[in-house]
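Below is the file run-v7.cif, which contains mmCIF, C-alpha atoms.
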```cif
data_structure
loop_
_atom_site.group_PDB
_atom_site.id
_atom_site.type_symbol
_atom_site.label_atom_id
_atom_site.label_comp_id
_atom_site.auth_asym_id
_atom_site.auth_seq_id
_atom_site.Cartn_x
_atom_site.Cartn_y
_atom_site.Cartn_z
ATOM 1 C CA MET S 24 -5.462 -5.348 2.552
ATOM 2 C CA VAL S 25 -4.887 -1.603 2.476
ATOM 3 C CA LEU S 26 -5.538 -1.377 -1.257
ATOM 4 C CA TYR S 27 -8.745 -3.401 -1.054
ATOM 5 C CA ALA S 28 -9.997 -1.461 1.962
ATOM 6 C CA ILE S 29 -9.396 1.899 0.290
ATOM 7 C CA THR S 30 -10.801 0.731 -3.051
ATOM 8 C CA PHE S 31 -13.975 -0.683 -1.531
ATOM 9 C CA GLY S 32 -14.233 2.424 0.647
ATOM 10 C CA ILE S 33 -14.509 4.728 -2.377
ATOM 11 C CA GLN S 34 -18.297 4.597 -2.070
ATOM 12 C CA ALA S 35 -18.080 6.304 1.336
ATOM 13 C CA LEU S 36 -16.064 9.271 0.024
ATOM 14 C CA SER S 37 -17.732 12.595 -0.649
ATOM 15 C CA GLY S 38 -18.763 13.605 -4.129
ATOM 16 C CA ASN S 39 -19.793 11.551 -7.101
ATOM 17 C CA ILE S 40 -18.814 7.879 -6.766
ATOM 18 C CA TYR S 41 -18.044 7.640 -10.485
ATOM 19 C CA LEU S 42 -15.779 10.681 -10.401
ATOM 20 C CA ASN S 43 -14.016 9.307 -7.322
ATOM 21 C CA LEU S 44 -13.521 5.931 -9.012
ATOM 22 C CA PHE S 45 -12.181 7.709 -12.099
ATOM 23 C CA LEU S 46 -9.763 9.804 -10.013
ATOM 24 C CA PHE S 47 -8.484 6.746 -8.134
ATOM 25 C CA SER S 48 -8.013 4.890 -11.423
ATOM 26 C CA ILE S 49 -6.186 7.806 -13.075
ATOM 27 C CA ALA S 50 -3.981 8.274 -10.010
ATOM 28 C CA GLY S 51 -2.988 4.604 -10.181
ATOM 29 C CA ILE S 52 -1.701 4.760 -13.755
ATOM 30 C CA PRO S 53 1.723 6.363 -13.125
ATOM 31 C CA THR S 54 2.461 4.248 -10.051
ATOM 32 C CA LYS S 55 4.413 1.555 -11.903
ATOM 33 C CA ILE S 56 6.607 4.150 -13.620
ATOM 34 C CA ILE S 57 7.177 5.888 -10.285
ATOM 35 C CA ALA S 58 8.007 2.527 -8.687
ATOM 36 C CA LEU S 59 10.544 1.693 -11.398
ATOM 37 C CA TRP S 60 12.218 5.066 -11.068
ATOM 38 C CA LEU S 61 12.342 4.837 -7.263
ATOM 39 C CA GLN S 62 13.728 1.282 -7.370
ATOM 40 C CA ASN S 63 16.475 2.174 -9.811
ATOM 41 C CA ARG S 64 17.339 5.425 -8.043
ATOM 42 C CA PHE S 65 17.167 4.524 -4.342
ATOM 43 C CA GLY S 66 16.922 0.738 -4.233
ATOM 44 C CA ARG S 67 14.077 -1.591 -3.398
ATOM 45 C CA ARG S 68 14.041 -1.237 0.368
ATOM 46 C CA ILE S 69 14.230 2.568 0.520
ATOM 47 C CA SER S 70 11.601 3.014 -2.188
ATOM 48 C CA SER S 71 9.159 0.663 -0.479
ATOM 49 C CA VAL S 72 9.776 2.390 2.874
ATOM 50 C CA LEU S 73 9.062 5.781 1.261
ATOM 51 C CA CYS S 74 5.813 4.462 -0.184
ATOM 52 C CA PHE S 75 4.756 2.930 3.124
ATOM 53 C CA ILE S 76 5.511 6.227 4.884
ATOM 54 C CA ALA S 77 3.056 7.910 2.504
ATOM 55 C CA VAL S 78 0.478 5.203 3.237
ATOM 56 C CA ALA S 79 0.936 5.412 7.012
ATOM 57 C CA ALA S 80 0.916 9.202 7.159
ATOM 58 C CA SER S 81 -2.115 9.623 4.912
ATOM 59 C CA GLY S 82 -3.962 6.811 6.681
ATOM 60 C CA PHE S 83 -3.465 8.421 10.071
ATOM 61 C CA VAL S 84 -4.414 11.860 8.691
ATOM 62 C CA VAL S 85 -7.696 10.535 7.292
ATOM 63 C CA GLY S 86 -8.393 8.628 10.503
ATOM 64 C CA VAL S 87 -7.906 11.746 12.601
ATOM 65 C CA VAL S 88 -9.932 13.901 10.202
ATOM 66 C CA GLN S 89 -12.836 11.465 10.304
ATOM 67 C CA SER S 90 -12.604 11.043 14.086
ATOM 68 C CA ILE S 91 -12.640 14.727 14.979
ATOM 69 C CA ASP S 92 -15.078 15.741 12.239
ATOM 70 C CA ALA S 93 -12.891 18.521 10.793
ATOM 71 C CA SER S 94 -14.326 21.422 8.817
ATOM 72 C CA ASN S 95 -12.795 20.344 5.473
ATOM 73 C CA LYS S 96 -13.407 16.671 6.217
ATOM 74 C CA ASP S 97 -14.651 15.732 2.751
ATOM 75 C CA ILE S 98 -11.808 17.261 0.750
ATOM 76 C CA LEU S 99 -9.102 16.081 3.155
ATOM 77 C CA THR S 100 -10.504 12.553 3.201
ATOM 78 C CA ASN S 101 -10.620 12.347 -0.593
ATOM 79 C CA VAL S 102 -7.132 13.795 -1.152
ATOM 80 C CA PHE S 103 -5.367 11.734 1.492
ATOM 81 C CA SER S 104 -7.233 8.582 0.438
ATOM 82 C CA ILE S 105 -5.876 9.058 -3.071
ATOM 83 C CA ILE S 106 -2.371 9.584 -1.634
ATOM 84 C CA ALA S 107 -2.686 6.353 0.371
ATOM 85 C CA SER S 108 -3.919 4.503 -2.711
ATOM 86 C CA VAL S 109 -1.033 5.800 -4.845
ATOM 87 C CA GLY S 110 1.421 4.927 -2.074
ATOM 88 C CA ILE S 111 0.238 1.350 -1.707
ATOM 89 C CA ASN S 112 0.039 0.851 -5.488
ATOM 90 C CA THR S 113 3.576 2.171 -5.859
ATOM 91 C CA ALA S 114 4.894 0.047 -2.984
ATOM 92 C CA TRP S 115 3.694 -3.177 -4.585
ATOM 93 C CA GLY S 116 6.391 -3.063 -7.306
ATOM 94 C CA PRO S 117 9.427 -2.781 -5.012
ATOM 95 C CA VAL S 118 7.975 -5.356 -2.624
ATOM 96 C CA GLN S 119 7.488 -7.852 -5.443
ATOM 97 C CA THR S 120 10.955 -7.175 -6.838
ATOM 98 C CA MET S 121 12.556 -7.524 -3.425
ATOM 99 C CA THR S 122 10.648 -10.743 -2.764
ATOM 100 C CA ILE S 123 12.040 -12.188 -5.975
ATOM 101 C CA GLU S 124 15.590 -11.033 -5.252
ATOM 102 C CA VAL S 125 15.851 -11.855 -1.536
ATOM 103 C CA TYR S 126 15.076 -15.550 -1.787
ATOM 104 C CA PRO S 127 17.491 -18.043 -3.319
ATOM 105 C CA THR S 128 16.335 -19.798 -6.470
ATOM 106 C CA VAL S 129 15.347 -22.920 -4.570
ATOM 107 C CA VAL S 130 12.688 -21.163 -2.496
ATOM 108 C CA ARG S 131 11.847 -18.220 -4.757
ATOM 109 C CA ASN S 132 8.579 -19.737 -5.985
ATOM 110 C CA ILE S 133 7.557 -20.536 -2.423
ATOM 111 C CA GLY S 134 8.278 -16.922 -1.461
ATOM 112 C CA MET S 135 6.179 -15.549 -4.307
ATOM 113 C CA GLY S 136 3.385 -17.980 -3.499
ATOM 114 C CA SER S 137 3.480 -17.003 0.167
ATOM 115 C CA MET S 138 3.371 -13.305 -0.708
ATOM 116 C CA ASN S 139 0.379 -13.795 -2.999
ATOM 117 C CA THR S 140 -1.408 -15.927 -0.392
ATOM 118 C CA MET S 141 -0.998 -13.161 2.191
ATOM 119 C CA ALA S 142 -2.288 -10.676 -0.384
ATOM 120 C CA ARG S 143 -5.429 -12.785 -0.897
ATOM 121 C CA ILE S 144 -5.994 -12.994 2.863
ATOM 122 C CA GLY S 145 -5.722 -9.210 2.921
ATOM 123 C CA ALA S 146 -8.262 -9.083 0.093
ATOM 124 C CA ILE S 147 -10.671 -10.997 2.323
ATOM 125 C CA ILE S 148 -10.090 -8.781 5.373
ATOM 126 C CA GLY S 149 -10.011 -5.429 3.519
ATOM 127 C CA PRO S 150 -13.742 -5.155 2.765
ATOM 128 C CA GLN S 151 -14.526 -5.980 6.403
ATOM 129 C CA LEU S 152 -12.660 -2.821 7.401
ATOM 130 C CA VAL S 153 -15.032 -0.795 5.231
ATOM 131 C CA TYR S 154 -17.952 -2.265 7.164
ATOM 132 C CA LEU S 155 -16.276 -1.443 10.499
ATOM 133 C CA ASN S 156 -15.576 2.105 9.308
ATOM 134 C CA TYR S 157 -19.329 2.764 9.114
ATOM 135 C CA HIS S 158 -19.643 1.966 12.820
ATOM 136 C CA VAL S 159 -16.403 3.597 14.016
ATOM 137 C CA PRO S 160 -15.463 6.502 11.706
ATOM 138 C CA GLY S 161 -11.772 6.551 10.881
ATOM 139 C CA LEU S 162 -11.061 2.987 12.041
ATOM 140 C CA MET S 163 -10.318 1.698 8.552
ATOM 141 C CA TYR S 164 -7.732 4.412 7.966
ATOM 142 C CA TYR S 165 -6.152 3.926 11.396
ATOM 143 C CA VAL S 166 -5.717 0.244 10.547
ATOM 144 C CA CYS S 167 -4.286 1.148 7.129
ATOM 145 C CA GLY S 168 -1.848 3.548 8.801
ATOM 146 C CA ALA S 169 -0.856 0.919 11.358
ATOM 147 C CA ILE S 170 -0.246 -1.630 8.610
ATOM 148 C CA GLY S 171 1.911 0.950 6.836
ATOM 149 C CA VAL S 172 3.972 1.344 10.032
ATOM 150 C CA LEU S 173 4.300 -2.456 10.361
ATOM 151 C CA CYS S 174 5.493 -2.652 6.755
ATOM 152 C CA ILE S 175 8.069 0.072 7.405
ATOM 153 C CA LEU S 176 9.373 -1.756 10.469
ATOM 154 C CA SER S 177 9.543 -5.089 8.642
ATOM 155 C CA GLN S 178 11.484 -3.528 5.764
ATOM 156 C CA LEU S 179 14.214 -2.238 8.050
ATOM 157 C CA TRP S 180 15.677 -5.707 8.628
ATOM 158 C CA LEU S 181 15.648 -6.856 5.026
ATOM 159 C CA PRO S 182 18.832 -6.544 2.965
ATOM 160 C CA GLU S 183 18.991 -4.136 0.036
ATOM 161 C CA THR S 184 18.905 -6.120 -3.196
ATOM 162 C CA LYS S 185 19.722 -3.382 -5.703
ATOM 163 C CA ASP S 186 22.798 -4.218 -7.793
ATOM 164 C CA SER S 187 23.285 -7.561 -6.053
ATOM 165 C CA ASN S 188 23.488 -11.001 -7.612
ATOM 166 C CA LEU S 189 20.640 -13.433 -7.146
ATOM 167 C CA ASN S 190 21.415 -16.336 -4.843
ATOM 168 C CA ASP S 191 21.206 -19.802 -6.339
ATOM 169 C CA LYS S 192 21.522 -21.666 -3.042
ATOM 170 C CA PHE S 193 20.952 -20.995 0.640
#
```
If you convert what's in this file into structure tokens, what do you get?
Amino acid sequence: MVLYAITFGIQALSGNIYLNLFLFSIAGIPTKIIALWLQNRFGRRISSVLCFIAVAASGFVVGVVQSIDASNKDILTNVFSIIASVGINTAWGPVQTMTIEVYPTVVRNIGMGSMNTMARIGAIIGPQLVYLNYHVPGLMYYVCGAIGVLCILSQLWLPETKDSNLNDKF
């Protein structure tokens, strides 16, 4: 939901929409390499928590900047939106890897299917946040920050799956 909201919200950023789309696309290229390095260095849970911290912090910063109408509003909004986009793109790798590794083989496909179903529901809700952001400036980024906090809290109770064997049974 966060990724779709930020991506569809590119049109509301300052500057040229094509340049903004280019910058968001270029910033997304190294995210998979960063995710692999983080996963192998710190583990799946820690790396996803670090990414969600970046998403939550940048989401709240943009929300506050848009709410109080800061002097450098345009630059701050663009920079922290890119940081949130990179954070959520990077977090997707460790979350997918952990989803595969946490579930035993018997329910692994159900877990992946459930994760992708929730992602599609988020894809439906994300563009609605862009619409709400026109009426209440900063709301979309507050919601993105809150979702980042919820993701951080949900990760804290999951086991670390780095260097562990996959379960075949419950």
**Request:** Please provide as JSON, numbers by chain all residues within 9 Å of Val172 (chain S), with the sequence filter that same-chain residues fewer than 3 positions apart are discarded (counting all atoms listed in the file).
**Result:** {"S": [75, 76, 78, 79, 80, 167, 168, 169, 175, 176, 177]}
All residues 7 Å or closer to region 51-58 of chain S, all atoms listed in the file, same chain fewer than 3 positions away omitted, as an mmCIF file with C-alpha atoms, keeping the file's coordinate frame:
```
data_model
loop_
_atom_site.group_PDB
_atom_site.id
_atom_site.type_symbol
_atom_site.label_atom_id
_atom_site.label_comp_id
_atom_site.auth_asym_id
_atom_site.auth_seq_id
_atom_site.Cartn_x
_atom_site.Cartn_y
_atom_site.Cartn_z
ATOM 1 C CA PHE S 47 -8.484 6.746 -8.134
ATOM 2 C CA SER S 48 -8.013 4.890 -11.423
ATOM 3 C CA LEU S 61 12.342 4.837 -7.263
ATOM 4 C CA GLN S 62 13.728 1.282 -7.370
ATOM 5 C CA VAL S 109 -1.033 5.800 -4.845
ATOM 6 C CA ASN S 112 0.039 0.851 -5.488
ATOM 7 C CA THR S 113 3.576 2.171 -5.859
ATOM 8 C CA ALA S 114 4.894 0.047 -2.984
ATOM 9 C CA GLY S 116 6.391 -3.063 -7.306
ATOM 10 C CA PRO S 117 9.427 -2.781 -5.012
#
```
**Request:** Select, from S:Ser137, S:Ser37, S:Thr30, S:Ser108, the residue with the minimum atom-to-atom distance to Thr122 (chain S), counting all atoms listed in the file.
**Result:**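 For Thr122 (chain S), the nearest of the candidates is S:Ser137.
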**Fill in**
Atom pair CA of Gly32 (chain S) + CA of Ile170 (chain S), distance 16.6 Å
**Item:** Computed interatomic separation between CA of Ala107 (chain S) and CA of Leu181 (chain S) (Å)
**Value:**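 Taking CA of Ala107 (chain S) as the start and CA of Leu181 (chain S) as the end point, the length is 23.1 Å.
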Region 80-159 of chain S from the block above, C-alpha atoms, as a compact mmCIF listing (two decimals), in the first residue's frame, please?
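Saved result, part-v7.txt, follows:
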```txt
# COMPACT_ATOMS: atom_id res chain seq x y z
CA ALA S 80 10.56 8.24 9.70
CA SER S 81 10.43 9.68 6.19
CA GLY S 82 6.66 9.29 6.05
CA PHE S 83 6.19 11.23 9.26
CA VAL S 84 8.70 13.89 8.15
CA VAL S 85 6.83 14.47 4.88
CA GLY S 86 3.49 14.49 6.70
CA VAL S 87 4.70 17.14 9.13
CA VAL S 88 6.33 19.19 6.37
CA GLN S 89 3.13 19.20 4.34
CA SER S 90 0.96 19.93 7.39
CA ILE S 91 2.91 22.93 8.65
CA ASP S 92 3.75 24.29 5.20
CA ALA S 93 7.52 24.55 5.79
CA SER S 94 9.73 26.93 3.83
CA ASN S 95 11.60 24.17 1.94
CA LYS S 96 8.45 22.08 1.59
CA ASP S 97 9.01 21.06 -2.03
CA ILE S 98 12.58 19.84 -1.67
CA LEU S 99 11.96 18.09 1.65
CA THR S 100 8.85 16.37 0.30
CA ASN S 101 10.67 15.10 -2.79
CA VAL S 102 13.77 13.88 -0.92
CA PHE S 103 11.93 12.12 1.89
CA SER S 104 9.42 10.62 -0.54
CA ILE S 105 12.31 9.05 -2.43
CA ILE S 106 13.75 7.76 0.88
CA ALA S 107 10.38 6.21 1.76
CA SER S 108 10.14 4.64 -1.69
CA VAL S 109 13.65 3.18 -1.45
CA GLY S 110 12.90 1.92 2.06
CA ILE S 111 9.71 0.13 1.09
CA ASN S 112 11.28 -1.30 -2.09
CA THR S 113 14.22 -2.59 -0.07
CA ALA S 114 11.98 -4.04 2.65
CA TRP S 115 10.06 -6.18 0.17
CA GLY S 116 13.01 -8.57 -0.35
CA PRO S 117 13.58 -9.49 3.31
CA VAL S 118 9.84 -9.75 3.93
CA GLN S 119 9.43 -12.16 1.03
CA THR S 120 12.45 -14.20 2.10
CA MET S 121 11.25 -14.36 5.69
CA THR S 122 7.76 -15.36 4.57
CA ILE S 123 9.24 -18.26 2.64
CA GLU S 124 11.50 -19.33 5.51
CA VAL S 125 9.12 -18.94 8.46
CA TYR S 126 6.39 -21.25 7.23
CA PRO S 127 6.83 -25.02 7.07
CA THR S 128 6.73 -26.59 3.62
CA VAL S 129 3.13 -27.68 4.05
CA VAL S 130 1.79 -24.14 4.37
CA ARG S 131 4.49 -22.18 2.55
CA ASN S 132 2.42 -21.70 -0.61
CA ILE S 133 -0.55 -20.55 1.47
CA GLY S 134 1.72 -18.04 3.22
CA MET S 135 3.03 -16.65 -0.06
CA GLY S 136 -0.48 -16.49 -1.47
CA SER S 137 -1.73 -14.69 1.63
CA MET S 138 1.12 -12.19 1.45
CA ASN S 139 0.44 -11.45 -2.21
CA THR S 140 -3.31 -11.12 -1.56
CA MET S 141 -2.63 -8.54 1.16
CA ALA S 142 -0.30 -6.74 -1.25
CA ARG S 143 -3.08 -6.54 -3.86
CA ILE S 144 -5.51 -5.18 -1.27
CA GLY S 145 -2.89 -2.56 -0.47
CA ALA S 146 -2.65 -1.81 -4.19
CA ILE S 147 -6.37 -1.06 -4.17
CA ILE S 148 -6.22 1.17 -1.07
CA GLY S 149 -2.97 3.00 -1.96
CA PRO S 150 -4.36 5.22 -4.74
CA GLN S 151 -7.25 6.22 -2.47
CA LEU S 152 -4.70 7.72 -0.07
CA VAL S 153 -3.46 9.96 -2.88
CA TYR S 154 -7.00 11.25 -3.33
CA LEU S 155 -7.34 11.88 0.43
CA ASN S 156 -3.99 13.69 0.46
CA TYR S 157 -5.43 16.38 -1.83
CA HIS S 158 -8.10 17.14 0.78
CA VAL S 159 -5.94 16.75 3.91
```
